[in-house]
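Asks: Okay, so here is upload_14.txt, and as you'll see once you scroll down, it has compact mmCIF, C-alpha atoms.
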# COMPACT_ATOMS: atom_id res chain seq x y z
CA MET A 1 -25.77 -172.24 -112.06
CA LEU A 2 -25.34 -175.80 -113.29
CA LEU A 3 -25.78 -177.13 -109.77
CA HIS A 4 -28.80 -174.91 -109.32
CA LEU A 5 -30.30 -176.41 -112.46
CA GLY A 6 -29.40 -179.85 -111.11
CA VAL A 7 -31.77 -179.30 -108.21
CA ARG A 8 -34.68 -178.82 -110.58
CA VAL A 9 -33.58 -181.66 -112.76
CA LEU A 10 -33.46 -184.14 -109.86
CA TYR A 11 -36.91 -183.14 -108.65
CA SER A 12 -38.52 -183.43 -112.07
CA PHE A 13 -36.65 -186.67 -112.76
CA LEU A 14 -38.04 -188.31 -109.61
CA ILE A 15 -41.59 -187.09 -110.22
CA VAL A 16 -41.70 -188.11 -113.88
CA LEU A 17 -40.00 -191.43 -113.17
CA ARG A 18 -42.64 -192.34 -110.62
CA GLU A 19 -45.64 -191.05 -112.56
CA GLY A 20 -44.27 -192.17 -115.91
CA PHE A 21 -43.67 -195.67 -114.68
CA GLU A 22 -47.25 -195.95 -113.52
CA ILE A 23 -48.38 -195.02 -117.03
CA ALA A 24 -45.83 -197.37 -118.60
CA LEU A 25 -46.88 -200.18 -116.28
CA VAL A 26 -50.54 -199.92 -117.25
CA LEU A 27 -49.73 -199.71 -120.96
CA ALA A 28 -47.24 -202.58 -120.74
CA ILE A 29 -49.72 -204.86 -119.00
CA VAL A 30 -52.51 -204.06 -121.45
CA LEU A 31 -50.32 -204.29 -124.57
CA GLY A 32 -48.70 -207.49 -123.32
CA TYR A 33 -52.06 -209.05 -122.65
CA LEU A 34 -53.31 -208.10 -126.13
CA VAL A 35 -50.29 -209.87 -127.62
CA ARG A 36 -50.81 -212.95 -125.50
CA THR A 37 -54.48 -213.16 -126.49
CA GLY A 38 -53.77 -212.62 -130.17
CA ASN A 39 -55.27 -209.13 -130.31
CA ARG A 40 -52.23 -207.20 -131.41
CA GLU A 41 -54.36 -205.35 -133.97
CA HIS A 42 -55.93 -203.37 -131.11
CA PHE A 43 -52.66 -201.66 -130.24
CA ARG A 44 -53.87 -198.68 -132.25
CA GLU A 45 -56.82 -198.04 -129.89
CA ILE A 46 -54.52 -198.14 -126.87
CA TRP A 47 -52.01 -195.72 -128.38
CA LEU A 48 -54.81 -193.43 -129.54
CA GLY A 49 -56.13 -193.12 -126.00
CA ALA A 50 -52.64 -192.56 -124.63
CA VAL A 51 -51.71 -189.88 -127.16
CA VAL A 52 -54.97 -187.92 -126.77
CA ALA A 53 -54.60 -187.97 -122.98
CA ALA A 54 -50.96 -186.88 -123.21
CA ALA A 55 -51.97 -183.94 -125.40
CA ILE A 56 -54.58 -182.86 -122.85
CA CYS A 57 -51.99 -183.09 -120.04
CA ILE A 58 -49.52 -180.94 -121.97
CA ALA A 59 -52.30 -178.40 -122.56
CA ALA A 60 -53.09 -178.42 -118.83
CA ALA A 61 -49.42 -177.82 -117.99
CA VAL A 62 -49.30 -174.88 -120.41
CA ILE A 63 -52.50 -173.42 -118.92
CA LEU A 64 -51.03 -173.67 -115.40
CA GLU A 65 -47.87 -171.90 -116.54
CA LEU A 66 -49.74 -169.17 -118.43
CA THR A 67 -52.11 -168.59 -115.52
CA SER A 68 -49.22 -168.22 -113.09
CA ALA A 69 -47.27 -166.00 -115.48
CA SER A 70 -50.28 -163.72 -115.95
CA LEU A 71 -50.40 -163.08 -112.21
CA SER A 72 -47.97 -161.10 -110.12
CA GLY A 73 -47.17 -160.36 -106.52
CA ALA A 74 -49.61 -161.59 -103.92
CA ALA A 75 -52.01 -163.10 -106.46
CA GLN A 76 -49.23 -165.23 -107.94
CA GLU A 77 -48.09 -166.38 -104.51
CA ALA A 78 -51.65 -167.25 -103.54
CA PHE A 79 -52.13 -169.18 -106.79
CA GLU A 80 -48.89 -171.09 -106.23
CA GLY A 81 -49.76 -171.75 -102.60
CA PHE A 82 -53.17 -173.18 -103.43
CA THR A 83 -51.70 -175.19 -106.32
CA MET A 84 -49.10 -176.71 -104.00
CA LEU A 85 -51.70 -177.71 -101.42
CA PHE A 86 -53.89 -179.13 -104.18
CA ALA A 87 -50.84 -181.04 -105.43
CA VAL A 88 -50.38 -182.47 -101.94
CA CYS A 89 -53.97 -183.76 -101.97
CA VAL A 90 -53.46 -185.32 -105.40
CA LEU A 91 -50.10 -186.83 -104.42
CA THR A 92 -51.46 -188.34 -101.25
CA TRP A 93 -54.45 -189.81 -103.01
CA MET A 94 -52.21 -191.15 -105.79
CA VAL A 95 -49.74 -192.84 -103.43
CA PHE A 96 -52.46 -194.64 -101.47
CA TRP A 97 -54.55 -195.40 -104.56
CA MET A 98 -51.56 -196.90 -106.35
CA ARG A 99 -50.71 -199.01 -103.32
CA ARG A 100 -54.22 -200.48 -103.33
CA GLN A 101 -54.17 -200.97 -107.10
CA ALA A 102 -50.75 -202.58 -107.03
CA ILE A 103 -52.20 -205.57 -105.25
CA SER A 104 -54.20 -206.61 -108.28
CA ILE A 105 -53.37 -204.21 -111.08
CA GLY A 106 -52.52 -206.92 -113.60
CA ARG A 107 -55.64 -208.97 -112.96
CA ASP A 108 -57.94 -205.95 -113.02
CA LEU A 109 -56.53 -204.61 -116.26
CA ARG A 110 -56.79 -207.99 -117.95
CA GLN A 111 -60.42 -208.25 -116.86
CA GLN A 112 -61.15 -204.83 -118.31
CA VAL A 113 -59.48 -205.77 -121.60
CA ASP A 114 -61.42 -209.06 -121.74
CA LEU A 115 -64.67 -207.21 -121.13
CA ALA A 116 -63.93 -204.67 -123.87
CA LEU A 117 -63.00 -207.38 -126.37
CA GLU A 118 -66.03 -209.51 -125.53
CA LYS A 119 -68.34 -206.57 -126.10
CA GLY A 120 -66.41 -205.61 -129.21
CA SER A 121 -66.04 -202.16 -127.70
CA LEU A 122 -62.87 -200.66 -129.09
CA THR A 123 -63.83 -197.36 -127.47
CA ALA A 124 -63.50 -199.06 -124.10
CA LEU A 125 -59.91 -200.02 -124.93
CA THR A 126 -59.14 -196.45 -125.94
CA ALA A 127 -60.80 -195.18 -122.76
CA LEU A 128 -58.73 -197.57 -120.65
CA ALA A 129 -55.46 -196.09 -121.88
CA PHE A 130 -56.90 -192.58 -121.98
CA VAL A 131 -57.94 -192.60 -118.31
CA ALA A 132 -54.65 -194.11 -117.11
CA VAL A 133 -52.50 -191.62 -118.98
CA LEU A 134 -54.78 -188.66 -118.21
CA ARG A 135 -54.77 -189.34 -114.48
CA GLU A 136 -51.01 -189.71 -114.15
CA GLY A 137 -50.27 -187.01 -116.72
CA LEU A 138 -52.37 -184.39 -114.93
CA GLU A 139 -50.68 -185.30 -111.67
CA THR A 140 -47.30 -184.89 -113.33
CA ALA A 141 -48.20 -181.46 -114.73
CA LEU A 142 -49.45 -180.35 -111.33
CA LEU A 143 -46.42 -181.62 -109.46
CA LEU A 144 -43.90 -180.16 -111.87
CA PHE A 145 -45.63 -176.81 -111.62
CA ALA A 146 -45.73 -177.01 -107.82
CA GLY A 147 -42.04 -177.92 -107.71
CA ALA A 148 -41.13 -175.07 -110.04
CA SER A 149 -43.07 -172.69 -107.83
CA ALA A 150 -41.30 -173.97 -104.72
CA GLY A 151 -38.03 -173.28 -106.51
CA ARG A 152 -39.07 -169.62 -106.76
CA GLY A 153 -38.57 -167.70 -109.94
CA ASP A 154 -38.11 -170.54 -112.39
CA SER A 155 -40.83 -171.80 -114.69
CA ALA A 156 -41.79 -175.43 -115.14
CA SER A 157 -39.88 -175.41 -118.44
CA THR A 158 -36.66 -175.48 -116.39
CA PHE A 159 -37.61 -179.01 -115.45
CA LEU A 160 -37.58 -180.25 -119.02
CA GLY A 161 -34.23 -182.06 -118.85
CA GLY A 162 -35.06 -184.01 -115.71
CA ALA A 163 -38.58 -184.71 -116.86
CA LEU A 164 -37.32 -186.03 -120.17
CA ALA A 165 -34.75 -188.29 -118.48
CA GLY A 166 -37.36 -189.54 -115.99
CA GLY A 167 -39.74 -190.23 -118.86
CA ILE A 168 -37.13 -192.19 -120.80
CA VAL A 169 -36.20 -194.34 -117.79
CA ALA A 170 -39.89 -194.92 -117.03
CA ALA A 171 -40.49 -195.95 -120.64
CA LEU A 172 -37.54 -198.37 -120.50
CA LEU A 173 -38.87 -199.91 -117.29
CA GLY A 174 -42.29 -200.20 -118.92
CA TYR A 175 -40.71 -201.91 -121.90
CA LEU A 176 -39.04 -204.43 -119.57
CA VAL A 177 -42.43 -205.17 -118.02
CA TYR A 178 -43.91 -205.50 -121.50
CA ARG A 179 -41.20 -207.98 -122.46
CA GLY A 180 -42.11 -210.04 -119.42
CA SER A 181 -39.03 -209.23 -117.42
CA HIS A 182 -39.20 -210.10 -113.77
CA LEU A 183 -36.10 -208.09 -112.98
CA ILE A 184 -38.04 -205.03 -111.87
CA PRO A 185 -38.83 -205.25 -108.16
CA LEU A 186 -42.27 -203.67 -108.38
CA ARG A 187 -43.02 -204.01 -104.69
CA GLN A 188 -39.84 -202.20 -103.68
CA PHE A 189 -40.31 -199.63 -106.45
CA PHE A 190 -43.76 -198.59 -105.28
CA THR A 191 -42.85 -198.75 -101.59
CA VAL A 192 -39.69 -196.65 -101.93
CA THR A 193 -41.11 -194.13 -104.39
CA GLY A 194 -44.30 -193.89 -102.32
CA ILE A 195 -42.25 -192.89 -99.27
CA VAL A 196 -40.17 -190.45 -101.34
CA VAL A 197 -43.34 -188.89 -102.75
CA LEU A 198 -44.83 -188.47 -99.26
CA VAL A 199 -41.64 -186.72 -98.09
CA ILE A 200 -41.79 -184.40 -101.11
CA ALA A 201 -45.48 -183.75 -100.46
CA ALA A 202 -44.77 -182.84 -96.82
CA GLY A 203 -42.34 -180.23 -98.13
CA LEU A 204 -45.05 -178.87 -100.39
CA VAL A 205 -47.37 -178.57 -97.37
CA SER A 206 -44.84 -176.32 -95.63
CA THR A 207 -44.00 -174.32 -98.76
CA GLY A 208 -47.65 -173.98 -99.76
CA ILE A 209 -48.54 -172.61 -96.32
CA ALA A 210 -45.56 -170.24 -96.53
CA GLU A 211 -46.80 -168.96 -99.92
CA LEU A 212 -50.27 -168.34 -98.52
CA GLN A 213 -48.74 -166.52 -95.55
CA GLU A 214 -46.62 -164.38 -97.86
CA SER A 215 -49.56 -163.60 -100.13
CA GLY A 216 -51.59 -162.38 -97.16
CA VAL A 217 -54.36 -164.94 -97.79
CA ILE A 218 -53.69 -166.18 -94.27
CA GLY A 219 -51.77 -164.45 -91.53
CA ASN A 220 -48.54 -165.88 -90.15
CA LEU A 221 -49.43 -169.09 -88.34
CA GLY A 222 -47.56 -168.31 -85.15
CA SER A 223 -44.06 -167.08 -84.49
CA ARG A 224 -40.84 -168.47 -85.96
CA PRO A 225 -39.27 -170.54 -83.16
CA TRP A 226 -35.85 -170.90 -84.79
CA ASP A 227 -33.71 -169.50 -87.54
CA THR A 228 -31.07 -171.72 -89.15
CA ASP A 229 -30.20 -169.20 -91.86
CA ALA A 230 -26.71 -168.67 -90.44
CA MET A 231 -26.04 -172.42 -90.69
CA LEU A 232 -27.81 -173.08 -93.95
CA SER A 233 -29.29 -170.19 -95.89
CA GLN A 234 -32.12 -170.80 -98.32
CA THR A 235 -30.26 -168.63 -100.81
CA THR A 236 -27.36 -171.09 -101.06
CA THR A 237 -27.39 -173.89 -103.59
CA LEU A 238 -27.81 -176.53 -100.89
CA GLY A 239 -30.58 -174.48 -99.24
CA LYS A 240 -32.43 -174.22 -102.55
CA PHE A 241 -31.91 -177.91 -103.18
CA LEU A 242 -33.44 -178.89 -99.84
CA HIS A 243 -36.18 -176.27 -100.18
CA THR A 244 -37.29 -177.64 -103.54
CA LEU A 245 -36.95 -181.28 -102.56
CA ILE A 246 -38.18 -181.45 -98.97
CA GLY A 247 -39.50 -177.94 -98.25
CA TYR A 248 -36.56 -176.75 -96.15
CA ASP A 249 -37.34 -173.38 -94.54
CA SER A 250 -34.69 -171.71 -92.41
CA ALA A 251 -37.28 -169.90 -90.28
CA PRO A 252 -40.64 -171.65 -90.45
CA THR A 253 -43.68 -170.54 -88.47
CA TRP A 254 -45.23 -172.84 -85.86
CA GLY A 255 -48.08 -173.47 -88.31
CA GLN A 256 -45.69 -174.73 -90.97
CA ILE A 257 -43.88 -176.94 -88.47
CA VAL A 258 -47.03 -178.50 -87.01
CA LEU A 259 -48.65 -179.10 -90.41
CA TYR A 260 -45.42 -180.46 -91.93
CA TRP A 261 -44.82 -183.01 -89.18
CA SER A 262 -48.50 -183.92 -88.86
CA TYR A 263 -48.67 -184.68 -92.55
CA LEU A 264 -45.32 -186.46 -92.71
CA LEU A 265 -45.78 -188.66 -89.66
CA GLY A 266 -49.46 -189.31 -90.37
CA GLY A 267 -48.85 -190.07 -94.04
CA LEU A 268 -45.84 -192.32 -93.48
CA SER A 269 -47.56 -194.20 -90.64
CA ALA A 270 -50.65 -194.82 -92.76
CA PHE A 271 -48.50 -195.91 -95.69
CA VAL A 272 -46.13 -198.18 -93.80
CA PHE A 273 -48.79 -199.76 -91.58
CA GLY A 274 -51.21 -200.24 -94.44
CA ILE A 275 -54.09 -198.10 -93.18
CA GLY A 276 -56.82 -198.00 -95.79
CA LEU A 277 -56.02 -201.33 -97.35
CA PRO A 278 -58.94 -203.75 -97.33
CA GLY A 279 -59.10 -206.81 -95.14
CA THR A 280 -55.87 -206.93 -93.18
CA SER A 281 -53.70 -205.02 -90.78
CA ARG A 282 -50.35 -206.23 -92.05
CA PRO A 283 -47.84 -203.66 -93.30
CA ALA A 284 -48.37 -202.51 -96.89
CA ALA A 285 -44.96 -203.63 -98.03
CA ASP A 286 -45.59 -207.24 -96.96
CA ARG A 287 -48.96 -207.43 -98.60
CA SER A 288 -48.54 -205.62 -101.90
CA GLY A 289 -45.21 -207.21 -102.67
CA SER A 290 -46.49 -210.72 -102.51
CA THR A 291 -49.46 -210.18 -104.79
CA ILE A 292 -48.52 -207.72 -107.51
CA GLN A 293 -49.47 -209.24 -110.82
CA ALA A 294 -47.68 -207.28 -113.47
CA ARG A 295 -46.71 -210.16 -115.70
CA ASN A 296 -48.08 -210.07 -119.19
CA MET B 1 -28.04 -191.92 -99.86
CA LEU B 2 -28.31 -190.21 -103.25
CA VAL B 3 -29.70 -187.05 -101.66
CA THR B 4 -26.93 -187.02 -99.02
CA ALA B 5 -24.23 -187.44 -101.64
CA ALA B 6 -25.77 -184.69 -103.76
CA ALA B 7 -25.98 -182.44 -100.70
CA PHE B 8 -22.28 -182.86 -99.91
CA LEU B 9 -21.44 -182.17 -103.54
CA LEU B 10 -23.55 -179.03 -103.51
CA VAL B 11 -21.92 -177.79 -100.29
CA ALA B 12 -18.48 -178.45 -101.70
CA CYS B 13 -19.25 -176.54 -104.85
CA SER B 14 -21.17 -173.58 -103.37
CA SER B 15 -19.59 -170.23 -104.15
CA GLY B 16 -18.87 -167.45 -101.64
CA GLY B 17 -20.21 -163.91 -101.41
CA GLY B 18 -18.81 -160.57 -102.52
CA ARG B 19 -18.77 -156.91 -101.41
CA GLU B 20 -21.40 -156.41 -98.75
CA ILE B 21 -24.14 -153.83 -99.27
CA GLU B 22 -26.54 -153.15 -96.43
CA ILE B 23 -30.25 -152.68 -97.03
CA VAL B 24 -32.51 -151.82 -94.13
CA ALA B 25 -36.23 -152.56 -94.18
CA SER B 26 -38.37 -150.60 -91.74
CA ASN B 27 -42.05 -149.82 -91.34
CA GLU B 28 -41.49 -146.75 -93.53
CA GLY B 29 -39.94 -148.67 -96.44
CA CYS B 30 -36.49 -149.82 -97.48
CA THR B 31 -33.26 -147.82 -97.69
CA PRO B 32 -31.18 -146.92 -99.56
CA VAL B 33 -33.22 -146.60 -102.75
CA ARG B 34 -30.16 -146.12 -104.94
CA LEU B 35 -27.07 -148.34 -105.05
CA ALA B 36 -24.03 -148.55 -107.31
CA ALA B 37 -21.81 -151.41 -108.41
CA ALA B 38 -19.39 -152.35 -111.16
CA THR B 39 -20.17 -154.66 -114.03
CA ASN B 40 -19.68 -158.37 -113.29
CA GLU B 41 -19.17 -157.62 -109.60
CA LYS B 42 -19.99 -160.09 -106.85
CA LEU B 43 -22.21 -158.52 -104.21
CA THR B 44 -23.77 -159.66 -100.98
CA PHE B 45 -26.90 -157.79 -99.96
CA VAL B 46 -27.15 -157.77 -96.17
CA VAL B 47 -30.85 -157.14 -95.65
CA LYS B 48 -31.82 -156.17 -92.10
CA ASN B 49 -35.50 -156.27 -91.38
CA GLN B 50 -36.22 -153.80 -88.60
CA ALA B 51 -39.92 -153.60 -89.45
CA SER B 52 -42.68 -155.10 -87.35
CA GLY B 53 -43.58 -157.66 -90.02
CA ASP B 54 -41.95 -159.85 -92.66
CA ARG B 55 -40.39 -158.30 -95.75
CA GLU B 56 -39.28 -159.72 -99.10
CA LEU B 57 -36.60 -158.75 -101.59
CA GLU B 58 -36.52 -159.81 -105.22
CA GLY B 59 -35.32 -158.67 -108.60
CA VAL B 60 -37.90 -157.19 -110.97
CA GLU B 61 -37.97 -155.96 -114.58
CA GLY B 62 -35.49 -158.62 -115.70
CA THR B 63 -33.15 -158.47 -112.70
CA LYS B 64 -32.11 -161.99 -111.84
CA LEU B 65 -32.49 -162.12 -108.08
CA GLU B 66 -34.79 -164.72 -106.63
CA GLU B 67 -37.37 -163.76 -104.03
CA VAL B 68 -36.10 -163.99 -100.46
CA LEU B 69 -38.22 -163.64 -97.33
CA ILE B 70 -36.70 -161.74 -94.42
CA PRO B 71 -38.68 -162.47 -91.25
CA ALA B 72 -39.28 -159.56 -88.86
CA GLY B 73 -36.20 -158.78 -86.78
CA ARG B 74 -33.92 -161.04 -88.84
CA THR B 75 -31.09 -160.46 -91.31
CA ARG B 76 -30.52 -162.26 -94.58
CA LYS B 77 -27.45 -162.31 -96.80
CA ILE B 78 -28.18 -162.62 -100.50
CA ASN B 79 -25.44 -163.15 -103.08
CA HIS B 80 -25.75 -161.52 -106.46
CA THR B 81 -23.48 -161.02 -109.45
CA THR B 82 -24.11 -157.93 -111.57
CA PRO B 83 -24.44 -158.19 -115.36
CA LYS B 84 -21.47 -157.78 -117.69
CA GLN B 85 -23.03 -154.72 -119.35
CA ALA B 86 -23.76 -151.35 -117.80
CA THR B 87 -27.42 -151.07 -116.87
CA THR B 88 -29.78 -150.33 -114.01
CA GLU B 89 -31.07 -153.32 -112.10
CA LYS B 90 -34.27 -153.08 -110.10
CA LEU B 91 -34.78 -154.63 -106.68
CA LYS B 92 -38.18 -154.73 -105.08
CA CYS B 93 -38.25 -154.60 -101.30
CA TYR B 94 -41.77 -155.10 -100.01
CA ILE B 95 -44.30 -156.22 -97.48
CA PRO B 96 -45.65 -159.59 -98.67
CA GLY B 97 -48.94 -158.80 -100.36
CA GLY B 98 -48.46 -155.08 -99.67
CA PRO B 99 -46.62 -151.88 -100.61
CA SER B 100 -43.07 -151.92 -101.99
CA THR B 101 -39.93 -149.86 -102.41
CA ILE B 102 -37.98 -150.09 -105.66
CA ILE B 103 -34.23 -149.93 -105.24
CA ASP B 104 -32.19 -148.89 -108.29
CA LEU B 105 -28.85 -150.66 -108.63
CA GLU B 106 -26.75 -148.67 -111.07
CA ILE B 107 -24.26 -150.91 -112.87
CA SER B 108 -21.35 -149.19 -114.59
CA ALA B 109 -18.00 -150.22 -116.03
CA PRO B 110 -15.19 -150.12 -113.43
Go ahead and render the structure in this file as structure tokens.

Replies:
Amino acid sequence: MLLHLGVRVLYSFLIVLREGFEIALVLAIVLGYLVRTGNREHFREIWLGAVVAAAICIAAAVILELTSASLSGAAQEAFEGFTMLFAVCVLTWMVFWMRRQAISIGRDLRQQVDLALEKGSLTALTALAFVAVLREGLETALLLFAGASAGRGDSASTFLGGALAGGIVAALLGYLVYRGSHLIPLRQFFTVTGIVVLVIAAGLVSTGIAELQESGVIGNLGSRPWDTDAMLSQTTTLGKFLHTLIGYDSAPTWGQIVLYWSYLLGGLSAFVFGIGLPGTSRPAADRSGSTIQARN
Amino acid sequence: MLVTAAAFLLVACSSGGGREIEIVASNEGCTPVRLAAATNEKLTFVVKNQASGDRELEGVEGTKLEEVLIPAGRTRKINHTTPKQATTEKLKCYIPGGPSTIIDLEISAP
């Protein structure tokens, strides 16, 4: 039972660490810049935006849970299936968006703060924090729900321990950035976690399709070419662990297999070779790493 | 590396099954519809799907048994430990998105 819980904890830890660090990074850069420019008194606007956005995200997570709990049988499976596929879209967009932003995130944020201060628009400062926290927070709620659904039978509240630990570590990393530490290898962090997130998302593609097949929304997408249940059953702790983390299915349909590998190979190729980045064809890791400006 | 290490740990710590109970899913439903076991007993449901389509088995009405898909023509072994108190557990054996059979698992003191 403890090990079973550990599966959920690891998943939620990784998700919240990644998403939480993005929030912490934005807040650290903005707060650090306010200190450097002698505008510490505007901390309140930043925290206000962050807190309001966090409250909205928690409400969204509760609504997702209540909606799922109010459904049963095929309707619940369909809801979970669609939510997982939606989560995949959000994850993919987030990974590639963050990679583009990472190139100049510090400079862009400082420009936005300068603009807000010049105009005397405190609302703009609040909005800056609000949008950053809202975007990442909604993604987190969605991903935790999708992961809980993939784990079958457990609610997102099971993830609380891992999510809390991930949040604390993310906050500590954000604090290090705020203090001007250069110990955090941002380039490696976003490259490695981006790859991990794409692998998790590929699993959600397979599991989401499986849910839709089981709900009857779509028919089985082809036959099941193999069955590894005798070697590794999905009902074992390891099977559940791999199912939750990377979408392991002991007897997937051809549709699941094709979509899983298409997404995984396509996504990783685009990420590693920097497709979608402006101006150059060099690999993403080379480019983003040399130009991240996260110093305060 | 972390995932691999965790996987080995999980394999090392996984527990085995218990007394085997066969459940057969066919196009007409699932049999048997009534089972018996002792309190706190380790069971392994051996679910044979002889129907033309996929079937699922899961616990309902508070029975802690996670949903398992049994593809057509396949067999799945599902471990389950009964509660410590005498009760009747409910298992739902069903066509995904379709009709179901409820199996009563009577739990009594040994």

Asks: Mind dumping a table of every chain A residue within 6 Å of chain B, with the nearest atom pair and its distance in Å to one decimal, using only C-alpha atoms, sorted by chain and rising number, as a Markdown table?

Replies:
| residue | atom | partner | partner_atom | distance |
| --- | --- | --- | --- | --- |
| A:Ala74 | CA | B:Gly97 | CA | 4.6 |
| A:Gly153 | CA | B:Glu66 | CA | 5.8 |
| A:Glu214 | CA | B:Pro96 | CA | 5.0 |
| A:Ser215 | CA | B:Gly97 | CA | 4.8 |
| A:Gly216 | CA | B:Gly97 | CA | 5.5 |
| A:Leu238 | CA | B:Leu10 | CA | 5.6 |

Asks: Please determine, counting all atoms listed in the file, which residue among A:Thr235, A:Arg36, A:Leu143, A:Asp114 has the shortest atom-to-atom distance to Leu57 of chain B.

Replies: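 Result for the nearest residue to Leu57 of chain B: A:Thr235.
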
Asks: Quick one: pull the distance between atom CA of Gly120 of chain A and atom CA of Trp97 of chain A, Å, one decimal.

Replies: 29.2 Å

Asks: Atom CA of Gly20 of chain A and atom CA of Phe189 of chain A, how far apart in Å?

Replies: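 Atom-to-atom, atom CA of Phe189 of chain A and atom CA of Gly20 of chain A are spaced 12.7 Å apart.
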
Asks: First collect every listed atom of segment 91-96 of chain A; then fit an axis-aligned box around them, widen it by 4 Å on each side, and give centre and edge lengths in Å to one decimal, as JSON.

Replies:
{"center_x": -52.1, "center_y": -190.7, "center_z": -103.5, "size_x": 12.7, "size_y": 15.8, "size_z": 12.5}

Asks: Compare B:Asn40, B:Leu35, B:Arg19, B:Val47 by their minimum atom-to-atom distance to Cys93 of chain B, counting only C-alpha atoms, and give me the closest one.

Replies: B:Val47

Asks: Using all atoms listed in the file, pick whichever of B:Ile107, B:Val33, B:Ile102, B:Ile23 has the shortest atom-to-atom distance to Phe45 of chain B.

Replies: B:Ile23

Asks: Which residue, A:Leu128, A:Leu91, A:Leu17, A:Ala230, has the smallest gap to Val113 of chain A when you use only C-alpha atoms?

Replies: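 Going through A:Leu128, A:Leu91, A:Leu17, A:Ala230 one by one, the smallest distance to Val113 of chain A is for A:Leu128.
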
Asks: Kindly give the distance, in Å, that separates atom CA of Leu115 of chain A and atom CA of Ala28 of chain A, rounded to a single decimal.

Replies: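 Pair atom CA of Leu115 of chain A / atom CA of Ala28 of chain A returns 18.0 Å.
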
Asks: Could you tell me, as a ChimeraX atom specification, which residues have any atom at most 7 Å from (-36.1, -152.5, -106.3), counting all atoms listed in the file?

Replies: /B:59-60,90-93,101-104

Asks: Can you tell me which residues surround Thr228 of chain A at a distance of at most 10 Å, considering only C-alpha atoms, apart from same-chain residues fewer than 6 positions away, and format the answer as a list in words?

Replies: Gln234, Asp249, Ser250, Ala251 and Pro252 of chain A

Asks: Counting all atoms listed in the file, which residue out of A:Val199, A:Ala129, A:Ile257, A:Leu245 sits closest to Ser223 of chain A?

Replies: A:Ile257

Asks: Hey, which of A:Phe190, A:Trp47, A:Tyr260, A:Tyr175 ends up closest to Thr123 of chain A? Count all atoms listed in the file.

Replies: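 Of the candidates, the smallest distance to Thr123 of chain A is held by A:Trp47.
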
Asks: Need to verify the contact set: Phe43 of chain A, 8 Å, all atoms listed in the file, exclusion of same-chain residues closer than 3 positions in sequence. Can you return it as a list in words?

Replies: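 Selected residues are Leu31, Leu34, Asn39, Arg40, Ile46 and Trp47 of chain A.
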
Asks: Could you check which residues have any atom within 8 Å of (-48.6, -185.7, -102.1), counting all atoms listed in the file with coordinates taken straight from the file, and then list them as a PyMOL selection string?

Replies: chain A and resi 87-95+197-198+200-202+204

Asks: Could you complete segment 51-62 of chain B so that it carries N, CA and C atoms, and give it back as a CSV table (one decimal), in the frame of the given file?

Replies:
chain,number,residue,atom,x,y,z
B,51,ALA,N,-38.5,-153.9,-89.5
B,51,ALA,CA,-39.9,-153.6,-89.4
B,51,ALA,C,-40.6,-154.6,-88.5
B,52,SER,N,-41.9,-154.3,-88.3
B,52,SER,CA,-42.7,-155.1,-87.4
B,52,SER,C,-43.2,-156.4,-88.0
B,53,GLY,N,-43.1,-156.5,-89.3
B,53,GLY,CA,-43.6,-157.7,-90.0
B,53,GLY,C,-42.6,-158.2,-91.0
B,54,ASP,N,-42.9,-159.3,-91.7
B,54,ASP,CA,-42.0,-159.8,-92.7
B,54,ASP,C,-41.8,-158.9,-93.9
B,55,ARG,N,-40.6,-159.0,-94.5
B,55,ARG,CA,-40.4,-158.3,-95.8
B,55,ARG,C,-39.8,-159.3,-96.8
B,56,GLU,N,-39.9,-158.9,-98.0
B,56,GLU,CA,-39.3,-159.7,-99.1
B,56,GLU,C,-38.4,-158.8,-100.0
B,57,LEU,N,-37.4,-159.5,-100.6
B,57,LEU,CA,-36.6,-158.8,-101.6
B,57,LEU,C,-36.5,-159.6,-102.8
B,58,GLU,N,-36.7,-159.0,-104.0
B,58,GLU,CA,-36.5,-159.8,-105.2
B,58,GLU,C,-36.2,-158.9,-106.4
B,59,GLY,N,-35.6,-159.4,-107.4
B,59,GLY,CA,-35.3,-158.7,-108.6
B,59,GLY,C,-36.6,-158.5,-109.4
B,60,VAL,N,-36.8,-157.4,-110.1
B,60,VAL,CA,-37.9,-157.2,-111.0
B,60,VAL,C,-37.4,-156.6,-112.3
B,61,GLU,N,-38.3,-156.5,-113.3
B,61,GLU,CA,-38.0,-156.0,-114.6
B,61,GLU,C,-36.7,-156.6,-115.2
B,62,GLY,N,-36.6,-157.9,-115.1
B,62,GLY,CA,-35.5,-158.6,-115.7
B,62,GLY,C,-34.3,-158.8,-114.8
